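**Student:** upload11.cif is the file, holding mmCIF, C-alpha atoms and all ligand atoms:
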data_entry
loop_
_atom_site.label_atom_id
_atom_site.label_comp_id
_atom_site.auth_asym_id
_atom_site.auth_seq_id
_atom_site.Cartn_x
_atom_site.Cartn_y
_atom_site.Cartn_z
CA MET E 11 79.30 82.35 50.43
CA SER E 12 75.51 82.40 50.50
CA ARG E 13 73.67 79.22 51.41
CA ARG E 14 71.07 77.75 49.11
CA LYS E 15 67.52 78.63 50.12
CA LYS E 16 65.39 75.66 51.07
CA THR E 17 62.48 74.90 48.79
CA SER E 18 59.02 74.88 50.34
CA GLY E 19 58.99 71.06 50.00
CA GLU E 20 62.20 70.76 52.00
CA VAL E 21 60.93 73.08 54.71
CA LYS E 22 57.66 71.21 54.99
CA ALA E 23 59.38 67.81 54.99
CA ARG E 24 61.42 68.84 57.99
CA SER E 25 58.52 69.76 60.28
CA ALA E 26 56.91 67.41 62.79
CA LEU E 27 53.40 66.21 61.99
CA SER E 28 50.27 66.23 64.13
CA PRO E 29 48.11 63.06 64.14
CA GLU E 30 45.70 64.77 61.70
CA ALA E 31 48.56 65.68 59.37
CA VAL E 32 49.90 62.10 59.50
CA GLN E 33 46.48 60.85 58.36
CA GLY E 34 46.81 63.15 55.37
CA THR E 35 50.10 61.54 54.31
CA LEU E 36 48.75 57.98 54.18
CA LEU E 37 48.73 56.43 50.73
CA GLU E 38 46.04 54.15 49.42
CA GLY E 39 46.30 50.81 51.26
CA GLN E 40 48.55 52.23 53.99
CA SER E 41 47.61 52.14 57.67
CA LEU E 42 48.79 53.75 60.86
CA PRO E 43 49.66 50.50 62.73
CA VAL E 44 52.36 49.58 60.21
CA LEU E 45 53.99 53.01 60.45
CA GLN E 46 53.73 52.77 64.24
CA ALA E 47 55.33 49.33 64.31
CA LEU E 48 58.14 50.73 62.15
CA GLY E 49 58.62 53.50 64.71
CA LEU E 50 57.81 56.23 62.21
CA VAL E 51 54.57 57.28 63.88
CA THR E 52 54.18 57.69 67.65
CA PRO E 53 51.53 55.75 69.62
CA ARG E 54 49.46 58.98 69.66
CA GLY E 55 49.61 59.19 65.87
CA GLY E 56 52.08 62.05 65.30
CA ALA E 57 55.48 61.99 63.59
CA SER E 58 58.79 63.73 64.31
CA ALA E 59 60.44 65.86 61.64
CA ASP E 60 62.88 63.03 60.85
CA ALA E 61 60.12 60.45 60.61
CA HIS E 62 58.12 62.86 58.43
CA ARG E 63 61.01 63.04 56.01
CA LYS E 64 61.30 59.26 55.91
CA ILE E 65 57.53 58.86 55.39
CA LYS E 66 57.72 61.31 52.50
CA GLN E 67 60.61 59.44 50.91
CA ILE E 68 58.89 56.08 51.24
CA SER E 69 55.70 57.52 49.72
CA HIS E 70 57.58 58.91 46.73
CA PHE E 71 59.35 55.63 46.08
CA VAL E 72 56.15 53.62 46.46
CA GLN E 73 54.32 55.92 44.05
CA GLN E 74 57.05 55.51 41.46
CA ILE E 75 57.03 51.72 41.58
CA ALA E 76 53.25 51.33 42.06
CA PRO E 77 52.48 50.81 38.34
CA ALA E 78 54.98 47.91 38.21
CA LEU E 79 53.56 46.24 41.32
CA ASP E 80 49.93 46.77 40.24
CA ASP E 81 50.81 45.13 36.94
CA LEU E 82 52.50 42.17 38.66
CA PHE E 83 49.63 41.52 41.04
CA GLU E 84 47.26 41.58 38.09
CA ARG E 85 49.28 39.10 36.04
CA HIS E 86 50.79 36.71 38.59
CA PRO E 87 48.99 34.58 41.19
CA GLU E 88 51.96 34.60 43.61
CA PRO E 89 54.40 37.43 42.89
CA VAL E 90 57.79 37.14 44.56
CA LEU E 91 59.33 40.44 45.66
CA VAL E 92 62.88 40.95 46.93
CA ASP E 93 64.08 43.89 49.02
CA ALA E 94 67.88 43.68 48.88
CA ALA E 95 69.81 45.57 51.58
CA ALA E 96 66.51 45.98 53.37
CA GLY E 97 67.91 47.81 56.42
CA LYS E 98 64.98 48.45 58.76
CA ALA E 99 62.69 47.34 55.91
CA TYR E 100 60.57 50.49 55.99
CA LEU E 101 60.00 50.14 52.30
CA GLY E 102 59.52 46.40 52.23
CA LEU E 103 56.92 46.48 54.97
CA VAL E 104 55.00 49.37 53.44
CA ILE E 105 55.00 47.52 50.12
CA TYR E 106 53.97 44.30 51.89
CA GLU E 107 50.95 46.01 53.41
CA ARG E 108 49.81 47.67 50.22
CA TRP E 109 50.14 44.70 47.90
CA ILE E 110 50.78 41.36 49.64
CA ALA E 111 48.54 41.86 52.70
CA ARG E 112 45.84 43.51 50.64
CA HIS E 113 45.70 40.77 48.01
CA GLY E 114 46.48 37.94 50.45
CA ARG E 115 49.04 36.47 48.06
CA GLY E 116 52.65 36.79 46.99
CA ARG E 117 55.69 36.92 49.25
CA LEU E 118 58.50 39.26 50.16
CA ILE E 119 62.10 38.28 50.79
CA ALA E 120 64.09 40.91 52.69
CA ILE E 121 67.85 40.43 52.53
CA GLU E 122 69.98 42.22 55.09
CA GLY E 123 73.57 41.70 56.19
CA ARG E 124 73.30 43.12 59.72
CA PRO E 125 71.98 40.55 62.23
CA ASP E 126 70.55 43.24 64.58
CA LEU E 127 68.42 44.66 61.77
CA VAL E 128 67.34 41.17 60.72
CA THR E 129 66.08 40.49 64.27
CA ARG E 130 64.30 43.84 64.37
CA VAL E 131 62.54 43.29 61.03
CA GLN E 132 61.56 39.75 61.98
CA GLY E 133 60.08 41.07 65.25
CA ILE E 134 58.02 43.72 63.47
CA ALA E 135 56.78 41.20 60.88
CA THR E 136 55.66 38.85 63.66
CA GLU E 137 53.93 41.69 65.51
CA LEU E 138 52.05 42.66 62.36
CA GLY E 139 51.23 39.07 61.38
CA PHE E 140 53.11 39.48 58.10
CA ASP E 141 53.77 35.78 57.60
CA ARG E 142 54.52 36.06 53.90
CA LEU E 143 57.73 37.89 54.72
CA GLU E 144 61.01 36.00 54.91
CA VAL E 145 64.04 37.84 56.27
CA GLN E 146 67.38 36.44 55.16
CA PRO E 147 70.46 37.33 57.19
CA ALA E 148 72.98 37.28 54.36
CA ARG E 149 75.03 39.20 51.87
CA ILE E 150 72.92 39.92 48.83
CA ALA E 151 75.11 37.87 46.50
CA GLU E 152 75.19 34.93 48.91
CA ALA E 153 71.50 34.91 49.84
CA GLU E 154 69.10 32.27 48.58
CA TRP E 155 67.25 33.98 45.81
CA PRO E 156 64.33 32.00 44.38
CA GLU E 157 64.84 30.78 40.84
CA ARG E 158 62.24 33.25 39.65
CA VAL E 159 61.68 36.72 41.11
CA HIS E 160 59.06 39.16 39.86
CA PHE E 161 60.21 42.39 41.46
CA ALA E 162 63.66 43.17 42.87
CA MET E 163 64.62 46.44 44.52
CA ALA E 164 67.69 47.83 46.23
CA LEU E 165 67.36 51.23 47.83
CA HIS E 166 70.62 52.81 48.94
CA ALA E 167 72.51 49.54 48.99
CA CYS E 168 76.08 50.65 49.71
CA ASP E 169 78.63 50.75 46.86
CA THR E 170 78.78 47.36 45.08
CA ALA E 171 75.82 45.97 47.09
CA THR E 172 73.66 47.59 44.38
CA ASP E 173 75.58 45.51 41.83
CA GLU E 174 75.06 42.36 43.86
CA ALA E 175 71.32 43.07 43.76
CA LEU E 176 71.40 43.78 40.03
CA ALA E 177 73.39 40.62 39.18
CA MET E 178 71.09 38.45 41.32
CA ALA E 179 67.95 40.09 39.91
CA LEU E 180 69.18 39.39 36.37
CA ALA E 181 69.93 35.76 37.27
CA ALA E 182 66.40 35.43 38.68
CA LYS E 183 64.97 37.06 35.51
CA ALA E 184 63.08 39.62 37.58
CA ASP E 185 60.23 41.19 35.63
CA HIS E 186 60.95 44.54 37.25
CA VAL E 187 64.09 45.95 38.84
CA ALA E 188 64.24 49.20 40.86
CA LEU E 189 67.61 50.52 42.01
CA VAL E 190 68.46 53.69 43.90
CA PRO E 191 72.25 53.49 44.18
CA CYS E 192 74.08 54.69 47.25
CA CYS E 193 77.65 55.93 47.71
CA GLN E 194 79.97 54.54 45.02
CA ALA E 195 83.71 54.19 45.44
CA GLU E 196 84.61 51.18 43.31
CA VAL E 197 84.82 52.70 39.84
CA ALA E 198 86.53 55.87 41.10
CA ARG E 199 89.22 53.58 42.54
CA LEU E 200 89.57 51.74 39.22
CA LEU E 201 89.74 55.00 37.25
CA LYS E 202 92.78 56.06 39.26
CA GLU E 203 94.75 53.42 37.36
CA VAL E 204 93.40 54.35 33.92
CA ASP E 205 95.44 56.79 31.88
CA ALA E 206 93.74 56.05 28.57
CA GLY E 207 90.82 57.63 26.76
CA PRO E 208 89.46 60.95 28.00
CA ALA E 209 91.47 60.69 31.24
CA ASP E 210 91.11 64.42 31.92
CA LEU E 211 87.55 63.62 32.92
CA TRP E 212 88.81 61.89 36.07
CA ARG E 213 92.31 63.22 36.75
CA HIS E 214 91.32 65.08 39.90
CA ALA E 215 90.07 63.11 42.90
CA TRP E 216 86.83 65.10 43.07
CA HIS E 217 86.10 64.51 39.38
CA ARG E 218 87.01 60.84 39.77
CA ARG E 219 84.41 60.44 42.48
CA GLU E 220 81.68 62.26 40.54
CA PHE E 221 82.51 60.77 37.16
CA GLY E 222 83.07 57.34 38.72
CA ALA E 223 79.58 57.41 40.25
CA HIS E 224 78.09 58.52 36.93
CA LEU E 225 79.98 55.87 34.95
CA THR E 226 78.92 53.20 37.47
CA ASN E 227 75.27 53.99 36.86
CA VAL E 228 75.72 54.19 33.08
CA ILE E 229 77.28 50.70 33.15
CA ARG E 230 74.42 49.41 35.34
CA ALA E 231 71.79 50.86 33.02
CA LEU E 232 73.45 49.45 29.88
CA ALA E 233 73.94 46.03 31.50
CA LEU E 234 70.26 45.98 32.46
CA GLN E 235 69.28 46.98 28.94
CA SER E 236 71.51 44.33 27.38
CA TYR E 237 69.55 41.69 29.34
CA GLY E 238 66.38 42.80 27.57
CA TYR E 239 65.11 45.43 30.00
CA GLN E 240 63.46 48.66 29.03
CA VAL E 241 65.31 51.11 31.23
CA THR E 242 64.21 54.44 32.69
CA VAL E 243 66.66 56.58 34.62
CA THR E 244 65.07 59.35 36.56
CA GLU E 245 65.19 61.36 39.75
CA LEU E 246 63.75 59.83 42.85
CA ALA E 247 61.37 62.66 43.60
CA GLY E 248 61.11 63.75 47.21
CA TRP E 249 64.76 63.07 47.96
CA GLU E 250 65.71 66.68 47.27
CA HIS E 251 67.98 66.86 50.31
CA SER E 252 70.03 63.87 49.15
CA LEU E 253 72.50 63.43 46.30
CA LYS E 254 71.70 59.74 46.19
CA ASN E 255 68.51 60.17 44.28
CA GLU E 256 69.01 58.48 40.92
CA LEU E 257 66.33 55.91 40.28
CA ILE E 258 67.06 53.19 37.71
CA LEU E 259 63.96 51.27 36.71
CA GLY E 260 63.99 48.26 34.43
CA ARG E 261 61.13 46.26 32.95
CA ARG E 262 61.98 43.00 31.23
CA VAL E 263 60.62 43.08 27.68
CA ALA E 264 62.98 40.76 25.81
CA ARG E 265 65.60 38.07 26.47
CA PHE E 266 68.51 40.27 25.40
CA HIS E 267 69.41 43.41 23.50
CA ALA E 268 72.47 43.03 21.29
CA GLY E 269 72.65 46.79 20.58
CA ALA E 270 72.95 47.66 24.27
CA GLU E 271 75.58 44.98 24.73
CA ARG E 272 77.60 46.53 21.88
CA GLN E 273 77.21 50.01 23.36
CA LEU E 274 78.49 48.75 26.71
CA ALA E 275 81.46 47.04 25.04
CA GLN E 276 82.30 50.24 23.12
CA LEU E 277 82.11 52.33 26.26
CA LEU E 278 84.45 49.94 28.07
CA GLU E 279 86.91 50.08 25.18
CA GLN E 280 87.07 53.85 25.59
CA ILE E 281 87.26 53.64 29.38
CA PRO E 282 88.82 50.30 30.29
CA VAL E 283 87.46 49.47 33.75
CA ARG E 284 86.17 46.09 34.97
CA PRO E 285 83.89 46.69 37.94
CA TRP E 286 82.55 43.84 40.10
CA LEU E 287 79.25 43.80 38.22
CA LEU E 288 80.81 42.90 34.88
CA GLU E 289 82.57 39.90 36.41
CA HIS E 290 79.38 38.63 38.04
CA LEU E 291 76.72 38.97 35.38
CA PRO E 292 74.79 35.72 34.86
CA PRO E 293 74.88 33.81 31.56
CA ARG E 294 72.66 35.56 29.10
CA GLU E 295 69.86 34.00 27.09
CA THR E 296 70.20 34.38 23.33
C1 LIG B 1 71.75 52.77 53.71
S1 LIG B 1 70.98 51.32 54.30
C2 LIG B 1 69.51 51.30 53.33
C3 LIG B 1 68.41 50.50 53.96
C4 LIG B 1 67.08 50.52 53.24
N1 LIG B 1 67.15 49.92 51.93
C5 LIG B 1 66.52 51.92 53.19
O1 LIG B 1 66.65 52.55 52.15
O2 LIG B 1 65.99 52.39 54.20
C6 LIG B 1 71.97 50.05 53.60
C7 LIG B 1 71.73 48.69 54.21
O3 LIG B 1 72.32 47.72 53.36
C8 LIG B 1 72.94 46.71 54.15
N2 LIG B 1 73.98 46.12 53.27
C9 LIG B 1 75.05 46.74 52.71
N3 LIG B 1 75.72 45.90 51.91
C10 LIG B 1 75.08 44.72 51.96
C11 LIG B 1 75.28 43.45 51.33
N4 LIG B 1 76.28 43.25 50.47
N5 LIG B 1 74.42 42.45 51.62
C12 LIG B 1 73.38 42.64 52.47
N6 LIG B 1 73.12 43.82 53.08
C13 LIG B 1 73.95 44.85 52.83
C14 LIG B 1 73.47 47.47 55.36
O4 LIG B 1 73.64 46.60 56.46
C15 LIG B 1 72.34 48.49 55.58
O5 LIG B 1 71.37 48.01 56.44
#
I'd like the structure from this file rewritten - as structure tokens, please.

**Tutor:**
Amino acid sequence: MSRRKKTSGEVKARSALSPEAVQGTLLEGQSLPVLQALGLVTPRGGASADAHRKIKQISHFVQQIAPALDDLFERHPEPVLVDAAAGKAYLGLVIYERWIARHGRGRLIAIEGRPDLVTRVQGIATELGFDRLEVQPARIAEAEWPERVHFAMALHACDTATDEALAMALAAKADHVALVPCCQAEVARLLKEVDAGPADLWRHAWHRREFGAHLTNVIRALALQSYGYQVTVTELAGWEHSLKNELILGRRVARFHAGAERQLAQLLEQIPVRPWLLEHLPPRET
């Protein structure tokens, strides 16, 4: 069997970068010291092939959410941003530098379940003087979310952790939500017990996994829409080597959307599954 040829973007993203080339990757408002503190750029200013790939991914994500953050910083005096399942907080810290540090206002809450990563992120924030960053060592659904959040994101939050972020973002009436789901096993597991509707779509384990992941994201998008969000589902550009590259963006434009709620109910009548998200959605405004 022949292997797929790499695209030029993939080949380039896998090469190490010289200090001059790293300078060329910097986005507006992005500096070398932050990338160095994150361990993505060496003290001499270069980047390994792996770090290059990560820098590229971060840049693509930041570019896709930049209009939402620009809008927030224009409209709100103190925007509150949440990075759920922050991991090493590459994204959160890059976003912090470009918006919060630059404007000198707003704050970022990074939520992460692993204590070692929490300590690491706290250390980097202290080193950089990022005192508007709060790192919460907690599960996303158990963390202390402020009553009102302006921007909530979850990048590659494992399985139902994406749903925890979505449910909490809806409860906090986030103006903008950005989700890039990760691996998804929950709905595939539920589908195994469903022998109704178009069950041929998920009879085989492989199909169950693929269809389950698709259905999970359809449910997430419809739930978001039913809470009054204008939803865009697109590819997270620059993640061409990864299958986990679906980007779900929501912008709150109304208090609810009865049509989307009906569509979701109809879908769940055809395919009767009750994933975690549906049991944990906050009360909806009418
Ligand atoms: C694949 S990493 C992604 C990290 C980061 N968002 C990124 O894209 O670089 C997933 C992270 O989510 C954290 N995580 C998974 N489930 C979580 C939950 N329910 N609550 C808090 N953190 C969680 C894991 O500890 C891990 O650090």

**Student:** If we count only C-alpha atoms and set the cut-off at 12 Å, which residues sit around E:Asp169, ignoring sequence neighbours fewer than 6 positions away in its own chain? Please answer as a PyMOL selection string.

**Tutor:** chain E and resi 95+175+190-199+222-223+226-227+254+285-287

**Student:** Could the residues in this selection be written to a file with C-alpha atoms, as a PDB file, keeping the file's coordinate frame?

**Tutor:**
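Heads up, here's the output in out_8.pdb:
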ATOM      1  CA  ALA E  95      69.810  45.570  51.580  1.00  0.00           C
ATOM      2  CA  ALA E 175      71.320  43.070  43.760  1.00  0.00           C
ATOM      3  CA  VAL E 190      68.460  53.690  43.900  1.00  0.00           C
ATOM      4  CA  PRO E 191      72.250  53.490  44.180  1.00  0.00           C
ATOM      5  CA  CYS E 192      74.080  54.690  47.250  1.00  0.00           C
ATOM      6  CA  CYS E 193      77.650  55.930  47.710  1.00  0.00           C
ATOM      7  CA  GLN E 194      79.970  54.540  45.020  1.00  0.00           C
ATOM      8  CA  ALA E 195      83.710  54.190  45.440  1.00  0.00           C
ATOM      9  CA  GLU E 196      84.610  51.180  43.310  1.00  0.00           C
ATOM     10  CA  VAL E 197      84.820  52.700  39.840  1.00  0.00           C
ATOM     11  CA  ALA E 198      86.530  55.870  41.100  1.00  0.00           C
ATOM     12  CA  ARG E 199      89.220  53.580  42.540  1.00  0.00           C
ATOM     13  CA  GLY E 222      83.070  57.340  38.720  1.00  0.00           C
ATOM     14  CA  ALA E 223      79.580  57.410  40.250  1.00  0.00           C
ATOM     15  CA  THR E 226      78.920  53.200  37.470  1.00  0.00           C
ATOM     16  CA  ASN E 227      75.270  53.990  36.860  1.00  0.00           C
ATOM     17  CA  LYS E 254      71.700  59.740  46.190  1.00  0.00           C
ATOM     18  CA  PRO E 285      83.890  46.690  37.940  1.00  0.00           C
ATOM     19  CA  TRP E 286      82.550  43.840  40.100  1.00  0.00           C
ATOM     20  CA  LEU E 287      79.250  43.800  38.220  1.00  0.00           C
TER      21      LEU E 287
END

**Student:** Name the residues, by chain letter and number, that sit within 8 Å of ligand LIG 1 (chain B) using only C-alpha atoms and all ligand atoms, and give them as a PDB file with C-alpha atoms, keeping the file's coordinate frame.

**Tutor:**
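This went into pocket07.pdb:
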ATOM      1  CA  ASP E  93      64.080  43.890  49.020  1.00  0.00           C
ATOM      2  CA  ALA E  94      67.880  43.680  48.880  1.00  0.00           C
ATOM      3  CA  ALA E  95      69.810  45.570  51.580  1.00  0.00           C
ATOM      4  CA  ALA E  96      66.510  45.980  53.370  1.00  0.00           C
ATOM      5  CA  GLY E  97      67.910  47.810  56.420  1.00  0.00           C
ATOM      6  CA  LYS E  98      64.980  48.450  58.760  1.00  0.00           C
ATOM      7  CA  ALA E  99      62.690  47.340  55.910  1.00  0.00           C
ATOM      8  CA  TYR E 100      60.570  50.490  55.990  1.00  0.00           C
ATOM      9  CA  LEU E 101      60.000  50.140  52.300  1.00  0.00           C
ATOM     10  CA  ILE E 121      67.850  40.430  52.530  1.00  0.00           C
ATOM     11  CA  GLU E 122      69.980  42.220  55.090  1.00  0.00           C
ATOM     12  CA  GLY E 123      73.570  41.700  56.190  1.00  0.00           C
ATOM     13  CA  ARG E 124      73.300  43.120  59.720  1.00  0.00           C
ATOM     14  CA  LEU E 127      68.420  44.660  61.770  1.00  0.00           C
ATOM     15  CA  PRO E 147      70.460  37.330  57.190  1.00  0.00           C
ATOM     16  CA  ALA E 148      72.980  37.280  54.360  1.00  0.00           C
ATOM     17  CA  ARG E 149      75.030  39.200  51.870  1.00  0.00           C
ATOM     18  CA  ILE E 150      72.920  39.920  48.830  1.00  0.00           C
ATOM     19  CA  ALA E 151      75.110  37.870  46.500  1.00  0.00           C
ATOM     20  CA  ALA E 164      67.690  47.830  46.230  1.00  0.00           C
ATOM     21  CA  LEU E 165      67.360  51.230  47.830  1.00  0.00           C
ATOM     22  CA  HIS E 166      70.620  52.810  48.940  1.00  0.00           C
ATOM     23  CA  ALA E 167      72.510  49.540  48.990  1.00  0.00           C
ATOM     24  CA  CYS E 168      76.080  50.650  49.710  1.00  0.00           C
ATOM     25  CA  ASP E 169      78.630  50.750  46.860  1.00  0.00           C
ATOM     26  CA  THR E 170      78.780  47.360  45.080  1.00  0.00           C
ATOM     27  CA  ALA E 171      75.820  45.970  47.090  1.00  0.00           C
ATOM     28  CA  THR E 172      73.660  47.590  44.380  1.00  0.00           C
ATOM     29  CA  GLU E 174      75.060  42.360  43.860  1.00  0.00           C
ATOM     30  CA  CYS E 192      74.080  54.690  47.250  1.00  0.00           C
TER      31      CYS E 192
END

**Student:** In Å to one decimal, how far is atom CA of E:Arg261 from atom CA of E:Ser41?

**Tutor:** 28.8 Å

**Student:** To one decimal place in Å, what is the distance between atom CA of E:Ala111 and atom CA of E:Gly139?

**Tutor:** 9.5 Å

**Student:** Mind checking which residues fall within 6 Å of E:Ala270, counting only C-alpha atoms, ignoring those fewer than 2 positions away in the same chain, and posting them as a list in words?

**Tutor:**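 Skipping anything fewer than 2 positions along the chain leaves Leu232, Gln235, Ser236, His267, Ala268, Arg272 and Gln273 of chain E.
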
**Student:** Looking at all atoms listed in the file, which of E:Glu30, E:Asp173, E:Glu245, E:Glu84 is the one that sits closest to E:Leu291?

**Tutor:**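 Checking each candidate against E:Leu291, we get E:Asp173 as the closest.
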
**Student:** Ranking E:Lys64, E:Arg130, E:Arg115, E:His86 by minimum distance to E:His160 and counting all atoms listed in the file, which one comes first?

**Tutor:**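 Of E:Lys64, E:Arg130, E:Arg115, E:His86, the one nearest E:His160, counting all atoms listed in the file, is E:His86.
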